[in-house]
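For reference, data_3.cif is printed below; it contains mmCIF, C-alpha atoms and all ligand atoms.
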```
data_protein
#
loop_
_atom_site.label_atom_id
_atom_site.label_comp_id
_atom_site.auth_asym_id
_atom_site.auth_seq_id
_atom_site.Cartn_x
_atom_site.Cartn_y
_atom_site.Cartn_z
CA MET R 741 122.44 -38.24 177.40
CA SER R 742 119.84 -35.53 177.01
CA LYS R 743 118.65 -34.80 173.47
CA ILE R 744 117.02 -32.08 171.40
CA LEU R 745 113.74 -33.43 170.03
CA GLY R 746 112.35 -32.24 166.70
CA ILE R 747 108.68 -32.87 165.90
CA ILE R 748 107.12 -32.46 162.46
CA GLY R 749 103.67 -31.11 163.25
CA GLY R 750 102.80 -29.01 166.29
CA GLY R 751 99.06 -29.65 166.57
CA GLN R 752 97.46 -31.35 169.57
CA LEU R 753 99.47 -34.54 169.14
CA GLY R 754 102.75 -32.60 168.98
CA MET R 755 101.57 -30.58 171.97
CA MET R 756 100.92 -33.67 174.09
CA ILE R 757 104.25 -35.23 173.03
CA ALA R 758 105.96 -31.96 174.03
CA GLU R 759 104.19 -31.97 177.41
CA ALA R 760 105.32 -35.54 178.05
CA ALA R 761 108.88 -34.63 176.99
CA LYS R 762 108.96 -31.74 179.46
CA LYS R 763 108.46 -34.30 182.22
CA MET R 764 111.62 -36.12 181.06
CA PRO R 765 114.31 -33.41 181.40
CA GLU R 766 117.06 -35.97 181.75
CA GLN R 767 116.25 -37.34 178.29
CA VAL R 768 115.01 -34.27 176.42
CA THR R 769 116.56 -30.81 176.85
CA LYS R 770 114.63 -28.93 174.22
CA ILE R 771 111.72 -29.40 171.81
CA ILE R 772 111.47 -27.82 168.36
CA VAL R 773 108.37 -28.23 166.20
CA LEU R 774 107.84 -27.58 162.52
CA ASP R 775 104.32 -26.33 161.82
CA PRO R 776 102.81 -23.80 159.40
CA THR R 777 100.44 -22.22 161.94
CA LYS R 778 101.95 -19.41 164.01
CA ASN R 779 101.74 -20.16 167.75
CA CYS R 780 100.57 -23.72 167.10
CA PRO R 781 99.35 -25.83 170.07
CA ALA R 782 102.86 -27.27 170.73
CA ALA R 783 104.42 -23.78 170.73
CA GLN R 784 101.88 -22.78 173.38
CA VAL R 785 103.37 -25.34 175.79
CA GLY R 786 106.94 -24.14 175.33
CA ALA R 787 108.24 -25.81 172.15
CA GLU R 788 110.37 -23.64 169.88
CA GLN R 789 108.73 -23.38 166.45
CA ILE R 790 109.94 -23.31 162.86
CA ILE R 791 107.02 -21.86 160.89
CA ALA R 792 106.84 -23.67 157.56
CA ASP R 793 104.88 -26.26 155.64
CA PHE R 794 105.29 -29.87 156.82
CA LYS R 795 106.83 -30.80 153.46
CA ASP R 796 109.16 -27.76 153.15
CA LYS R 797 112.56 -29.29 152.36
CA ASN R 798 114.60 -26.36 153.71
CA ALA R 799 112.60 -26.29 156.91
CA ILE R 800 113.02 -30.04 157.43
CA GLU R 801 116.76 -29.64 156.86
CA GLU R 802 116.84 -26.81 159.40
CA LEU R 803 114.92 -28.96 161.90
CA ALA R 804 117.34 -31.87 161.35
CA SER R 805 120.39 -29.62 161.79
CA LYS R 806 119.03 -28.36 165.11
CA SER R 807 117.75 -31.72 166.48
CA ASP R 808 119.30 -34.98 167.67
CA ILE R 809 116.17 -36.98 167.03
CA ILE R 810 113.10 -36.29 164.89
CA THR R 811 109.62 -37.72 165.15
CA TYR R 812 106.29 -36.68 163.67
CA GLU R 813 102.63 -36.29 164.54
CA ILE R 814 101.38 -36.43 160.94
CA GLU R 815 101.92 -39.16 158.37
CA SER R 816 101.87 -36.94 155.29
CA GLY R 817 105.56 -35.94 155.54
CA ASP R 818 107.86 -36.42 152.57
CA SER R 819 109.67 -39.70 153.27
CA ASP R 820 112.37 -38.95 150.64
CA VAL R 821 113.24 -35.63 152.25
CA LEU R 822 113.27 -37.30 155.67
CA LYS R 823 115.56 -40.00 154.33
CA SER R 824 117.95 -37.34 153.04
CA VAL R 825 118.36 -35.79 156.50
CA GLU R 826 118.96 -39.09 158.33
CA LYS R 827 122.67 -38.23 158.45
CA ASP R 828 121.89 -35.19 160.63
CA ALA R 829 119.30 -36.60 163.00
CA GLU R 830 117.89 -39.98 163.96
CA ILE R 831 114.34 -40.30 162.60
CA ASN R 832 111.75 -42.47 164.27
CA PRO R 833 109.60 -44.07 162.99
CA SER R 834 112.02 -44.51 160.07
CA PRO R 835 111.31 -42.87 156.69
CA GLU R 836 111.03 -46.35 155.16
CA THR R 837 108.29 -47.38 157.60
CA LEU R 838 106.56 -44.05 156.90
CA ARG R 839 106.80 -44.63 153.13
CA ILE R 840 104.96 -47.94 153.41
CA ILE R 841 102.31 -46.72 155.82
CA GLN R 842 101.46 -43.39 154.19
CA ASP R 843 100.26 -45.13 151.03
CA LYS R 844 97.17 -47.15 151.96
CA PHE R 845 97.69 -49.54 149.07
CA LEU R 846 101.34 -50.22 149.95
CA GLN R 847 100.35 -50.54 153.60
CA LYS R 848 97.64 -53.12 152.94
CA SER R 849 99.84 -55.00 150.44
CA PHE R 850 102.62 -55.15 153.04
CA LEU R 851 100.24 -56.45 155.71
CA LYS R 852 98.78 -59.04 153.36
CA GLU R 853 102.25 -60.27 152.34
CA ASN R 854 102.96 -60.77 156.03
CA ASN R 855 99.74 -62.76 156.56
CA ILE R 856 98.12 -60.05 158.65
CA PRO R 857 94.35 -59.98 158.05
CA VAL R 858 92.98 -57.01 156.06
CA PRO R 859 89.77 -56.45 154.05
CA GLU R 860 89.96 -57.52 150.38
CA PHE R 861 91.38 -54.73 148.22
CA ILE R 862 92.77 -53.96 144.76
CA GLU R 863 94.69 -51.15 143.12
CA ILE R 864 92.65 -48.87 140.83
CA SER R 865 94.50 -47.23 137.94
CA SER R 866 91.62 -46.62 135.54
CA PHE R 867 87.83 -46.43 135.34
CA GLY R 868 87.91 -49.93 133.83
CA ASP R 869 89.74 -51.25 136.91
CA LEU R 870 87.00 -49.77 139.07
CA GLU R 871 84.23 -51.44 137.06
CA GLU R 872 86.07 -54.76 137.26
CA GLY R 873 86.68 -54.33 141.02
CA LEU R 874 83.02 -53.60 141.70
CA LYS R 875 82.04 -56.74 139.80
CA LYS R 876 84.37 -58.68 142.08
CA PHE R 877 83.47 -57.05 145.42
CA GLY R 878 79.82 -56.10 144.83
CA PHE R 879 78.06 -53.13 146.45
CA PRO R 880 78.69 -51.22 148.57
CA ALA R 881 82.46 -50.90 148.20
CA LEU R 882 84.90 -48.29 149.42
CA LEU R 883 86.92 -46.29 146.90
CA LYS R 884 89.88 -44.75 148.76
CA ALA R 885 92.60 -42.25 147.94
CA ARG R 886 95.91 -43.99 148.56
CA ARG R 887 97.55 -40.97 150.19
CA ASP R 888 96.92 -37.94 152.42
CA ALA R 889 93.46 -38.98 153.45
CA TYR R 890 92.84 -39.26 157.15
CA ASP R 891 89.60 -38.85 159.13
CA GLY R 892 87.72 -40.54 156.29
CA ARG R 893 88.12 -37.55 153.99
CA GLY R 894 89.61 -39.68 151.26
CA ASN R 895 86.83 -42.27 151.03
CA PHE R 896 83.85 -42.62 148.72
CA LYS R 897 81.29 -45.35 149.40
CA ILE R 898 79.91 -46.64 146.12
CA ASP R 899 76.44 -48.02 146.86
CA SER R 900 75.21 -48.78 143.34
CA PRO R 901 76.46 -49.06 139.73
CA GLU R 902 75.07 -45.56 139.00
CA GLN R 903 77.57 -44.07 141.46
CA THR R 904 80.63 -45.58 139.78
CA ARG R 905 81.42 -42.55 137.62
CA THR R 906 80.70 -40.01 140.41
CA GLY R 907 82.97 -41.94 142.77
CA PHE R 908 85.79 -42.13 140.25
CA ASP R 909 85.54 -38.42 139.33
CA TYR R 910 85.37 -37.38 143.01
CA PHE R 911 89.12 -38.06 143.35
CA LYS R 912 90.24 -36.00 140.35
CA GLY R 913 93.13 -38.18 139.19
CA GLN R 914 94.49 -39.16 142.62
CA LYS R 915 95.99 -42.64 143.03
CA LEU R 916 93.23 -44.97 144.23
CA MET R 917 92.38 -48.36 145.69
CA LEU R 918 89.09 -50.22 146.09
CA GLU R 919 88.15 -52.13 149.22
CA LYS R 920 85.41 -54.63 149.87
CA PHE R 921 82.86 -53.28 152.36
CA VAL R 922 83.19 -54.89 155.79
CA PRO R 923 79.86 -55.09 157.68
CA PHE R 924 81.70 -54.82 161.01
CA LYS R 925 80.04 -55.09 164.41
CA MET R 926 82.60 -52.86 166.10
CA GLU R 927 85.52 -50.58 165.27
CA VAL R 928 88.43 -51.02 167.63
CA SER R 929 92.07 -50.01 167.91
CA VAL R 930 95.27 -50.95 169.63
CA ILE R 931 97.94 -48.45 170.56
CA ALA R 932 101.16 -50.36 170.16
CA ALA R 933 104.77 -49.41 170.80
CA ARG R 934 108.08 -50.77 169.61
CA ASN R 935 111.30 -49.27 170.95
CA THR R 936 114.59 -48.94 169.10
CA LYS R 937 115.79 -52.15 170.81
CA GLY R 938 112.83 -54.12 169.39
CA GLU R 939 110.79 -54.40 172.61
CA ILE R 940 107.04 -54.39 171.83
CA LYS R 941 104.09 -53.58 174.10
CA THR R 942 100.41 -53.04 173.35
CA PHE R 943 97.77 -51.10 175.28
CA PRO R 944 94.47 -52.94 175.86
CA LEU R 945 91.96 -52.99 172.99
CA VAL R 946 89.60 -50.01 172.87
CA GLU R 947 86.30 -49.44 171.08
CA ASN R 948 85.88 -46.46 168.77
CA ILE R 949 82.70 -44.71 167.75
CA HIS R 950 82.93 -42.53 164.64
CA GLU R 951 80.47 -39.90 163.44
CA ASP R 952 80.82 -38.12 160.10
CA ASN R 953 83.99 -40.21 159.57
CA ILE R 954 85.64 -38.59 162.61
CA LEU R 955 86.40 -40.26 165.90
CA ARG R 956 83.82 -39.18 168.46
CA GLU R 957 84.29 -41.51 171.45
CA THR R 958 86.75 -44.11 172.61
CA ILE R 959 85.67 -46.66 175.20
CA ALA R 960 88.51 -48.25 177.15
CA PRO R 961 88.42 -51.21 177.34
CA ALA R 962 86.35 -52.35 174.31
CA ARG R 963 83.07 -54.09 175.22
CA ILE R 964 84.09 -57.39 173.70
CA SER R 965 85.20 -60.81 174.94
CA ASP R 966 88.71 -61.25 176.37
CA GLU R 967 89.39 -63.75 173.61
CA VAL R 968 88.71 -61.23 170.82
CA ALA R 969 90.65 -58.52 172.65
CA LYS R 970 93.62 -60.84 173.04
CA LYS R 971 93.51 -61.79 169.37
CA ALA R 972 93.48 -58.10 168.30
CA GLU R 973 96.35 -57.26 170.64
CA GLU R 974 98.35 -60.18 169.23
CA ILE R 975 97.72 -59.03 165.66
CA ALA R 976 98.90 -55.54 166.66
CA SER R 977 102.02 -56.98 168.22
CA ILE R 978 102.86 -59.03 165.11
CA THR R 979 102.25 -55.94 162.97
CA MET R 980 104.77 -53.96 165.03
CA ASP R 981 107.23 -56.79 164.65
CA VAL R 982 107.04 -56.85 160.85
CA LEU R 983 106.90 -53.07 160.43
CA LYS R 984 110.10 -52.58 162.43
CA GLY R 985 109.44 -48.88 163.07
CA ALA R 986 110.22 -47.43 166.48
CA GLY R 987 107.55 -45.38 168.21
CA VAL R 988 103.88 -45.59 169.08
CA PHE R 989 101.50 -46.63 166.30
CA GLY R 990 97.69 -46.48 166.25
CA ILE R 991 96.30 -49.64 164.67
CA GLU R 992 92.62 -49.39 163.71
CA MET R 993 90.69 -52.59 163.12
CA PHE R 994 87.24 -53.96 162.39
CA VAL R 995 85.65 -56.77 164.38
CA THR R 996 83.36 -58.70 162.04
CA ARG R 997 80.10 -60.37 163.09
CA ASP R 998 81.92 -63.69 163.34
CA ASN R 999 84.67 -62.14 165.49
CA GLN R 1000 87.36 -61.93 162.84
CA ILE R 1001 89.78 -59.04 163.16
CA LEU R 1002 90.74 -57.08 160.05
CA ILE R 1003 93.17 -54.16 160.10
CA ASN R 1004 91.64 -51.06 158.55
CA GLU R 1005 94.44 -48.59 158.93
CA ILE R 1006 97.71 -47.94 160.71
CA ALA R 1007 98.90 -44.52 161.82
CA PRO R 1008 102.68 -44.34 162.43
CA ARG R 1009 102.20 -41.96 165.33
CA VAL R 1010 100.35 -41.35 168.58
CA HIS R 1011 96.65 -41.63 167.93
CA ASN R 1012 93.40 -39.96 168.98
CA SER R 1013 92.08 -43.30 170.26
CA GLY R 1014 95.00 -43.36 172.72
CA HIS R 1015 94.20 -40.07 174.48
CA HIS R 1016 92.41 -41.98 177.25
CA THR R 1017 95.83 -43.25 178.40
CA LEU R 1018 96.57 -39.80 179.84
CA GLN R 1019 94.36 -40.73 182.78
CA SER R 1020 93.46 -44.40 182.41
CA SER R 1021 96.86 -46.03 182.21
CA GLU R 1022 100.13 -46.32 184.08
CA THR R 1023 101.98 -44.83 181.08
CA SER R 1024 100.44 -42.40 178.59
CA GLN R 1025 100.83 -43.08 174.88
CA PHE R 1026 102.88 -39.85 174.65
CA GLU R 1027 105.40 -40.95 177.27
CA GLN R 1028 105.46 -44.40 175.65
CA HIS R 1029 106.25 -42.87 172.27
CA LEU R 1030 109.19 -40.97 173.76
CA ARG R 1031 110.39 -44.06 175.58
CA ALA R 1032 110.22 -46.00 172.31
CA ILE R 1033 112.13 -43.50 170.16
CA LEU R 1034 114.69 -42.69 172.85
CA GLY R 1035 115.52 -46.37 173.32
CA LEU R 1036 114.28 -46.55 176.93
CA ASP R 1037 112.44 -49.57 178.32
CA LEU R 1038 108.74 -49.32 177.51
CA GLY R 1039 106.38 -48.39 180.36
CA SER R 1040 103.53 -50.48 181.74
CA THR R 1041 100.43 -50.44 179.52
CA LYS R 1042 98.09 -51.58 182.29
CA LEU R 1043 94.66 -49.98 182.17
CA VAL R 1044 94.09 -48.77 185.73
CA ASN R 1045 90.57 -47.34 185.33
CA HIS R 1046 87.79 -47.81 182.81
CA THR R 1047 87.66 -44.56 180.85
CA ILE R 1048 85.72 -42.94 178.03
CA MET R 1049 87.36 -40.33 175.86
CA TYR R 1050 85.08 -37.85 174.12
CA ASN R 1051 86.30 -35.44 171.44
CA VAL R 1052 85.28 -31.78 171.67
CA LEU R 1053 84.60 -30.94 168.02
CA GLY R 1054 83.75 -27.59 166.48
CA SER R 1055 80.03 -27.05 165.92
CA LYS R 1056 78.89 -27.82 162.38
CA THR R 1057 77.02 -24.52 162.20
CA PHE R 1058 79.68 -21.83 162.58
CA GLU R 1059 83.30 -20.89 162.08
CA GLY R 1060 85.04 -18.35 164.30
CA GLU R 1061 86.00 -17.58 167.89
CA TYR R 1062 84.11 -19.61 170.46
CA LYS R 1063 83.20 -19.22 174.12
CA PRO R 1064 85.60 -20.93 176.55
CA ILE R 1065 84.70 -24.51 177.38
CA THR R 1066 85.04 -25.64 180.97
CA LEU R 1067 84.09 -28.80 182.85
CA SER R 1068 84.79 -28.91 186.55
CA GLU R 1069 83.34 -32.18 187.66
CA PRO R 1070 85.12 -34.92 189.56
CA ASN R 1071 86.89 -37.56 187.46
CA ILE R 1072 86.53 -35.56 184.27
CA PHE R 1073 89.74 -34.37 182.67
CA LEU R 1074 89.19 -31.76 179.99
CA LYS R 1075 92.05 -30.87 177.69
CA MET R 1076 91.61 -28.05 175.20
CA TYR R 1077 94.24 -27.64 172.50
CA GLY R 1078 94.56 -23.84 172.46
CA LYS R 1079 92.97 -23.40 169.02
CA SER R 1080 91.26 -19.99 169.02
CA ILE R 1081 89.08 -20.60 165.97
CA SER R 1082 86.33 -23.21 165.80
CA LYS R 1083 85.59 -24.78 162.41
CA PRO R 1084 82.96 -27.42 161.63
CA LEU R 1085 84.09 -30.70 163.25
CA ARG R 1086 87.59 -29.36 164.01
CA LYS R 1087 89.24 -31.22 166.88
CA LEU R 1088 89.41 -28.52 169.57
CA GLY R 1089 89.92 -30.66 172.65
CA HIS R 1090 88.85 -33.84 174.40
CA PHE R 1091 87.89 -35.03 177.85
CA ASN R 1092 88.43 -38.27 179.67
CA LEU R 1093 85.65 -39.55 181.88
CA VAL R 1094 87.29 -41.87 184.38
CA ALA R 1095 85.39 -44.53 186.35
CA GLU R 1096 85.18 -44.16 190.11
CA ASN R 1097 85.21 -47.23 192.30
CA ASP R 1098 83.22 -49.96 190.55
CA GLU R 1099 81.50 -47.79 187.98
CA THR R 1100 80.75 -49.73 184.81
CA ILE R 1101 81.17 -48.60 181.22
CA GLU R 1102 77.37 -48.45 180.93
CA GLN R 1103 77.21 -46.04 183.88
CA LEU R 1104 79.97 -43.93 182.35
CA LEU R 1105 78.07 -43.82 179.06
CA GLU R 1106 74.99 -42.53 180.91
CA LYS R 1107 77.11 -39.82 182.55
CA LEU R 1108 78.57 -38.93 179.17
CA GLU R 1109 75.11 -38.26 177.71
CA LEU R 1110 74.58 -35.54 180.35
CA LEU R 1111 77.93 -33.94 179.60
CA LYS R 1112 77.77 -33.80 175.82
CA ASN R 1113 75.80 -30.56 175.62
CA LYS R 1114 78.28 -28.81 177.94
CA VAL R 1115 81.01 -29.00 175.32
CA VAL R 1116 79.07 -27.69 172.34
CA THR R 1117 80.97 -24.70 170.93
CA GLN R 1118 79.11 -21.37 170.87
CA PRO R 1119 80.19 -18.25 168.95
CA VAL R 1120 81.49 -15.44 171.20
CA ASN R 1121 79.01 -12.91 169.77
P1 LIG A 1201 89.56 -44.77 156.84
O1 LIG A 1201 89.80 -43.33 156.59
O2 LIG A 1201 89.99 -45.65 155.73
O3 LIG A 1201 90.09 -45.21 158.17
O4 LIG A 1201 87.99 -44.95 156.94
C1 LIG A 1201 87.18 -44.14 157.76
C2 LIG A 1201 85.97 -44.93 158.21
O5 LIG A 1201 85.29 -45.47 157.07
C3 LIG A 1201 86.31 -46.13 159.05
O6 LIG A 1201 86.50 -45.77 160.40
C4 LIG A 1201 85.09 -47.01 158.83
O7 LIG A 1201 84.02 -46.57 159.62
C5 LIG A 1201 84.76 -46.75 157.37
N1 LIG A 1201 85.40 -47.77 156.50
C6 LIG A 1201 86.64 -47.70 155.94
N2 LIG A 1201 86.93 -48.82 155.22
C7 LIG A 1201 85.84 -49.61 155.31
C8 LIG A 1201 85.50 -50.91 154.79
N3 LIG A 1201 86.33 -51.60 153.99
N4 LIG A 1201 84.29 -51.41 155.13
C9 LIG A 1201 83.42 -50.73 155.91
N5 LIG A 1201 83.68 -49.51 156.41
C10 LIG A 1201 84.86 -48.95 156.14
#
```
Go ahead and render the structure in this file as structure tokens.
Ligand code: AMP
Amino acid sequence: MSKILGIIGGGQLGMMIAEAAKKMPEQVTKIIVLDPTKNCPAAQVGAEQIIADFKDKNAIEELASKSDIITYEIESGDSDVLKSVEKDAEINPSPETLRIIQDKFLQKSFLKENNIPVPEFIEISSFGDLEEGLKKFGFPALLKARRDAYDGRGNFKIDSPEQTRTGFDYFKGQKLMLEKFVPFKMEVSVIAARNTKGEIKTFPLVENIHEDNILRETIAPARISDEVAKKAEEIASITMDVLKGAGVFGIEMFVTRDNQILINEIAPRVHNSGHHTLQSSETSQFEQHLRAILGLDLGSTKLVNHTIMYNVLGSKTFEGEYKPITLSEPNIFLKMYGKSISKPLRKLGHFNLVAENDETIEQLLEKLELLKNKVVTQPVN
């Protein structure tokens, strides 16, 4: 039976979910997104839009009354409001799964209780807790806001005792946690899916390179031994099993120097480090997400071609309209998100650089170096 799909958030992730849904007319008849920005990226690809804040109770109720099934592209939604509209629409991942994940402290506590490896952490409720925690973990340590803090914006690295007060004051009364610093050798992630019937599949492990706390490149597959990759994929699979949510989740991890895997963070949604699947894999993460929440069998997660994903970010030096970005080279798939205004480090698009024949990751990385300056945003005037 074909359904009306509601999505909270109509940015690039909502846009790519909507595009995947349009290819499944037998399952999805219509897409409605809730987003505060007029003509948001998802609306530009044909989704109907309710213009309101992501947490607007009335707007969420309106979305639920108009939809059969609701999903989201952001994890900052109000899980209580979502819970209250469960009678009107099925919500996946469930509000309960969202509630655990959207609070980093609850998330890590939940993982730890289920014997899933995470860095050492403690809750911070006062300046005294922070001083105690730093005695325990040493320097540096990561002070993190528990909620609403993605792309590293909610972290403060405390390098020395002198920075303790500055770090604490930086968060202005937000709920906090402290984490031991992990001197990782690589950051990796697994895009994992669990459908409403409990079937679980993981995409192969990928390697992520961050700059300024924002994802810059994803290398698929990660340049690491098969043994480590298998271990990370298994941890992701167990995580999906205990979390019980239906949908695609992005599971970010650290690989330590002695090849331990520690989960850094879980996103209960499609993830930037899964954009490579649009060209590299038999099923994209967006189609997989829809399959998962609609209760269909999950698609194959086989990586068909080595691929590097590179984010097109707004230049750090200006804000405003920017000159169109084009790339018309073979095996390069540029996707811009229809955002007319560039802001420093704003995610404006990405491209996938797909290997031809026997091209290695190292050869792709060399090609990437030559392409980087072609996607630097320039002001129109
Ligand atoms: P987060 O927003 O918590 O995912 O953190 C953003 C980035 O900060 C991560 O991608 C890591 O590069 C770094 N980071 C976060 N937690 C730690 C940690 N415990 N040890 C070392 N680096 C970290």
Would you name the residues within 10 Å of ligand LIG 1201 (chain A), counting all atoms listed in the file, and put them as a PDB file with C-alpha atoms, in the frame of the given file?
```pdb
ATOM      1  CA  LYS R 844      97.170 -47.150 151.960  1.00  0.00           C
ATOM      2  CA  VAL R 858      92.980 -57.010 156.060  1.00  0.00           C
ATOM      3  CA  PRO R 859      89.770 -56.450 154.050  1.00  0.00           C
ATOM      4  CA  GLU R 860      89.960 -57.520 150.380  1.00  0.00           C
ATOM      5  CA  PHE R 861      91.380 -54.730 148.220  1.00  0.00           C
ATOM      6  CA  PRO R 880      78.690 -51.220 148.570  1.00  0.00           C
ATOM      7  CA  ALA R 881      82.460 -50.900 148.200  1.00  0.00           C
ATOM      8  CA  LEU R 882      84.900 -48.290 149.420  1.00  0.00           C
ATOM      9  CA  LEU R 883      86.920 -46.290 146.900  1.00  0.00           C
ATOM     10  CA  LYS R 884      89.880 -44.750 148.760  1.00  0.00           C
ATOM     11  CA  ALA R 885      92.600 -42.250 147.940  1.00  0.00           C
ATOM     12  CA  ARG R 886      95.910 -43.990 148.560  1.00  0.00           C
ATOM     13  CA  ASP R 888      96.920 -37.940 152.420  1.00  0.00           C
ATOM     14  CA  ALA R 889      93.460 -38.980 153.450  1.00  0.00           C
ATOM     15  CA  TYR R 890      92.840 -39.260 157.150  1.00  0.00           C
ATOM     16  CA  ASP R 891      89.600 -38.850 159.130  1.00  0.00           C
ATOM     17  CA  GLY R 892      87.720 -40.540 156.290  1.00  0.00           C
ATOM     18  CA  ARG R 893      88.120 -37.550 153.990  1.00  0.00           C
ATOM     19  CA  GLY R 894      89.610 -39.680 151.260  1.00  0.00           C
ATOM     20  CA  ASN R 895      86.830 -42.270 151.030  1.00  0.00           C
ATOM     21  CA  PHE R 896      83.850 -42.620 148.720  1.00  0.00           C
ATOM     22  CA  LYS R 897      81.290 -45.350 149.400  1.00  0.00           C
ATOM     23  CA  LEU R 918      89.090 -50.220 146.090  1.00  0.00           C
ATOM     24  CA  GLU R 919      88.150 -52.130 149.220  1.00  0.00           C
ATOM     25  CA  LYS R 920      85.410 -54.630 149.870  1.00  0.00           C
ATOM     26  CA  PHE R 921      82.860 -53.280 152.360  1.00  0.00           C
ATOM     27  CA  VAL R 922      83.190 -54.890 155.790  1.00  0.00           C
ATOM     28  CA  PRO R 923      79.860 -55.090 157.680  1.00  0.00           C
ATOM     29  CA  PHE R 924      81.700 -54.820 161.010  1.00  0.00           C
ATOM     30  CA  MET R 926      82.600 -52.860 166.100  1.00  0.00           C
ATOM     31  CA  GLU R 927      85.520 -50.580 165.270  1.00  0.00           C
ATOM     32  CA  VAL R 928      88.430 -51.020 167.630  1.00  0.00           C
ATOM     33  CA  ASN R 948      85.880 -46.460 168.770  1.00  0.00           C
ATOM     34  CA  ILE R 949      82.700 -44.710 167.750  1.00  0.00           C
ATOM     35  CA  HIS R 950      82.930 -42.530 164.640  1.00  0.00           C
ATOM     36  CA  GLU R 951      80.470 -39.900 163.440  1.00  0.00           C
ATOM     37  CA  ASP R 952      80.820 -38.120 160.100  1.00  0.00           C
ATOM     38  CA  ASN R 953      83.990 -40.210 159.570  1.00  0.00           C
ATOM     39  CA  ILE R 954      85.640 -38.590 162.610  1.00  0.00           C
ATOM     40  CA  LEU R 955      86.400 -40.260 165.900  1.00  0.00           C
ATOM     41  CA  GLU R 992      92.620 -49.390 163.710  1.00  0.00           C
ATOM     42  CA  MET R 993      90.690 -52.590 163.120  1.00  0.00           C
ATOM     43  CA  PHE R 994      87.240 -53.960 162.390  1.00  0.00           C
ATOM     44  CA  LEU R1002      90.740 -57.080 160.050  1.00  0.00           C
ATOM     45  CA  ILE R1003      93.170 -54.160 160.100  1.00  0.00           C
ATOM     46  CA  ASN R1004      91.640 -51.060 158.550  1.00  0.00           C
ATOM     47  CA  GLU R1005      94.440 -48.590 158.930  1.00  0.00           C
ATOM     48  CA  ILE R1006      97.710 -47.940 160.710  1.00  0.00           C
ATOM     49  CA  ALA R1007      98.900 -44.520 161.820  1.00  0.00           C
TER      50      ALA R1007
END
```
Which polymer residues have any atom within 8 Å of an atom of range 775-788 of chain R, counting only C-alpha atoms, with same-chain residues fewer than 4 positions away left out, as a PDB file with C-alpha atoms, in the frame of the given file?
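That gives us result_39.pdb:
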```
ATOM      1  CA  ILE R 748     107.120 -32.460 162.460  1.00  0.00           C
ATOM      2  CA  GLY R 749     103.670 -31.110 163.250  1.00  0.00           C
ATOM      3  CA  GLY R 750     102.800 -29.010 166.290  1.00  0.00           C
ATOM      4  CA  GLY R 751      99.060 -29.650 166.570  1.00  0.00           C
ATOM      5  CA  GLN R 752      97.460 -31.350 169.570  1.00  0.00           C
ATOM      6  CA  GLY R 754     102.750 -32.600 168.980  1.00  0.00           C
ATOM      7  CA  MET R 755     101.570 -30.580 171.970  1.00  0.00           C
ATOM      8  CA  MET R 756     100.920 -33.670 174.090  1.00  0.00           C
ATOM      9  CA  ALA R 758     105.960 -31.960 174.030  1.00  0.00           C
ATOM     10  CA  GLU R 759     104.190 -31.970 177.410  1.00  0.00           C
ATOM     11  CA  LYS R 770     114.630 -28.930 174.220  1.00  0.00           C
ATOM     12  CA  ILE R 771     111.720 -29.400 171.810  1.00  0.00           C
ATOM     13  CA  ALA R 792     106.840 -23.670 157.560  1.00  0.00           C
ATOM     14  CA  ASP R 793     104.880 -26.260 155.640  1.00  0.00           C
ATOM     15  CA  PHE R 794     105.290 -29.870 156.820  1.00  0.00           C
ATOM     16  CA  TYR R1077      94.240 -27.640 172.500  1.00  0.00           C
ATOM     17  CA  GLY R1078      94.560 -23.840 172.460  1.00  0.00           C
ATOM     18  CA  LYS R1079      92.970 -23.400 169.020  1.00  0.00           C
TER      19      LYS R1079
END
```
message: Would you compute the distance between CA of Gly987 in chain R and CA of Ala962 in chain R? Give it in Å to one decimal.
response: 23.1 Å
message: Could you list, as a PyMOL selection string, every residue within 6 Å of range 815-824 of chain R, counting all atoms listed in the file and ignoring same-chain residues fewer than 6 positions away?
response: chain R and resi 795+835+839+842+888
Could you dump the residues just selected with C-alpha atoms as a JSON list (two decimals), in the coordinates of the input?
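Written file, part20.json:
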```json
[["chain", "number", "residue", "atom", "x", "y", "z"],
["R", 795, "LYS", "CA", 106.83, -30.80, 153.46],
["R", 835, "PRO", "CA", 111.31, -42.87, 156.69],
["R", 839, "ARG", "CA", 106.80, -44.63, 153.13],
["R", 842, "GLN", "CA", 101.46, -43.39, 154.19],
["R", 888, "ASP", "CA", 96.92, -37.94, 152.42]]
```
Point-to-point distance from CA of Lys875 in chain R to CA of Arg887 in chain R, Å rounded to tenths: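 So the answer is 24.4 Å.
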Step by step: start from the point (117.8, -31.5, 156.2) in the file's coordinates, keep every protein, DNA or RNA residue that has an atom no farther than 10 Å from it, count all atoms listed in the file, and write the set as a tab-separated table (two decimals) with C-alpha atoms, keeping the file's coordinate frame.
```
chain	number	residue	atom	x	y	z
R	796	ASP	CA	109.16	-27.76	153.15
R	797	LYS	CA	112.56	-29.29	152.36
R	798	ASN	CA	114.60	-26.36	153.71
R	799	ALA	CA	112.60	-26.29	156.91
R	800	ILE	CA	113.02	-30.04	157.43
R	801	GLU	CA	116.76	-29.64	156.86
R	802	GLU	CA	116.84	-26.81	159.40
R	803	LEU	CA	114.92	-28.96	161.90
R	804	ALA	CA	117.34	-31.87	161.35
R	805	SER	CA	120.39	-29.62	161.79
R	806	LYS	CA	119.03	-28.36	165.11
R	821	VAL	CA	113.24	-35.63	152.25
R	822	LEU	CA	113.27	-37.30	155.67
R	823	LYS	CA	115.56	-40.00	154.33
R	824	SER	CA	117.95	-37.34	153.04
R	825	VAL	CA	118.36	-35.79	156.50
R	826	GLU	CA	118.96	-39.09	158.33
R	827	LYS	CA	122.67	-38.23	158.45
R	828	ASP	CA	121.89	-35.19	160.63
R	829	ALA	CA	119.30	-36.60	163.00
```
